[in-house]
Amino acid sequence: MSETPLPGPGDAGQPDFDEMTRDIAEVPAVEVIVTVAVNLMSAAAVKLGLTEEGDKYKDLDEARKLVTALAGLLDASATEISSFHAAPLRDGLKSLQLAFREASLVPDEPGQGPGEKYTGPVYG
C-alpha cells in the first residue's frame with residue numbers, strides 16, 4: 001500500500017508560508033493596521049445592511065462586534081498611526097456607529113452603542 005505524500009509548501013494551490021512571512025515582513029505596521037481597519041469597516045457595513053444586497057446579510061449583533069473591534073483598534077493604535085491615516089478611519093467609524101443607531105429598533109443610550117466605550121458618545 002503506497003501512501004500519498006502530503007502537499008508541501010511549494011506545491012501548486014498550497015500557500016508557501018515562508019514566502020508569506022517574507023512578504024508580510026516588508027509591509028509597514030501602519031499599512032497592516034489600516035488594512036485591518038478597512039476590512040473591519042467593510043464587514044460592519046455588510047452586517048449593517050449598507051451594501052447593494054441590503055438586508056440580505058444584515059445582522060446587528062455581528063455588526064456591533066465588528067464596530068466595537070474597529071473602535072478598539074483605532075483607540076489602541078491612535079498614537080501609532082498618523083492623523084493622515086487615522087482621521088478618515090475615525091470618520092468611517094463614526095458613520096458606522098450612526099448607521100447602527102439608525103438601524104436599531106431600540107437605539108442604545110448615548111455612550112452605550114458599539115465602540116462608544118472607546119470613542120465616547122456619538123451624536124448625529
# chains A, B, ... in the order shown; residues from 1 in each chain; ligands from 1
$ residues_around --residues "Ile81 (chain A)" --least-positions-apart "3" --cutoff "12 Å" --atoms "only C-alpha atoms" --output "list in words"
Pro28, Ala29, Val30, Glu31, Val32, Ile33, Val34, Ala37, Leu73, Leu74, Asp75, Ala76, Ser77, Ala78, Phe84, His85, Ala86, Ala87, Pro88, Leu89 and Arg90 of chain A
$ write_last_selection --atoms "C-alpha atoms" --output "PDB file, in the first residue's frame"
ATOM      1  CA  PRO A  28       4.942  48.667   7.338  1.00  0.00           C
ATOM      2  CA  ALA A  29       2.907  48.280  10.534  1.00  0.00           C
ATOM      3  CA  VAL A  30       0.761  51.310   9.661  1.00  0.00           C
ATOM      4  CA  GLU A  31      -0.303  49.632   6.437  1.00  0.00           C
ATOM      5  CA  VAL A  32      -1.249  46.442   8.277  1.00  0.00           C
ATOM      6  CA  ILE A  33      -3.295  48.407  10.827  1.00  0.00           C
ATOM      7  CA  VAL A  34      -5.081  50.428   8.131  1.00  0.00           C
ATOM      8  CA  ALA A  37      -9.382  48.628   9.927  1.00  0.00           C
ATOM      9  CA  LEU A  73      -8.197  49.001  17.147  1.00  0.00           C
ATOM     10  CA  LEU A  74      -8.343  52.707  16.344  1.00  0.00           C
ATOM     11  CA  ASP A  75      -8.168  53.643  20.018  1.00  0.00           C
ATOM     12  CA  ALA A  76      -5.173  51.377  20.630  1.00  0.00           C
ATOM     13  CA  SER A  77      -3.309  52.490  17.520  1.00  0.00           C
ATOM     14  CA  ALA A  78      -4.094  56.227  17.685  1.00  0.00           C
ATOM     15  CA  PHE A  84      -3.354  61.336   7.895  1.00  0.00           C
ATOM     16  CA  HIS A  85      -4.412  57.687   8.289  1.00  0.00           C
ATOM     17  CA  ALA A  86      -6.435  57.967  11.481  1.00  0.00           C
ATOM     18  CA  ALA A  87      -8.797  60.811  10.517  1.00  0.00           C
ATOM     19  CA  PRO A  88     -10.638  59.045   7.669  1.00  0.00           C
ATOM     20  CA  LEU A  89     -10.811  55.847   9.719  1.00  0.00           C
ATOM     21  CA  ARG A  90     -12.371  57.739  12.638  1.00  0.00           C
TER      22      ARG A  90
END
$ select_by_dssp --residues "region 10-83 of chain A" --states "alpha helix (DSSP H)" --output "VMD selection string"
chain A and resid 17 to 25 29 to 47 60 to 77 83
$ closest_residue --among "A:Gly72, A:Ala25, A:Ala103, A:Asp108" --to "Ala45 (chain A)" --atoms "only C-alpha atoms"
A:Ala103
$ atom_distance --atom1 "CA of Met41 (chain A)" --atom2 "CA of Thr79 (chain A)"
20.0 Å
$ closest_residue --among "A:Gln97, A:Ser104, A:Thr68, A:Thr21" --to "Pro121 (chain A)" --atoms "only C-alpha atoms"
A:Gln97
$ closest_residue --among "A:Glu109, A:Glu80, A:Glu116, A:Asp18" --to "Leu93 (chain A)" --atoms "only C-alpha atoms"
A:Glu116
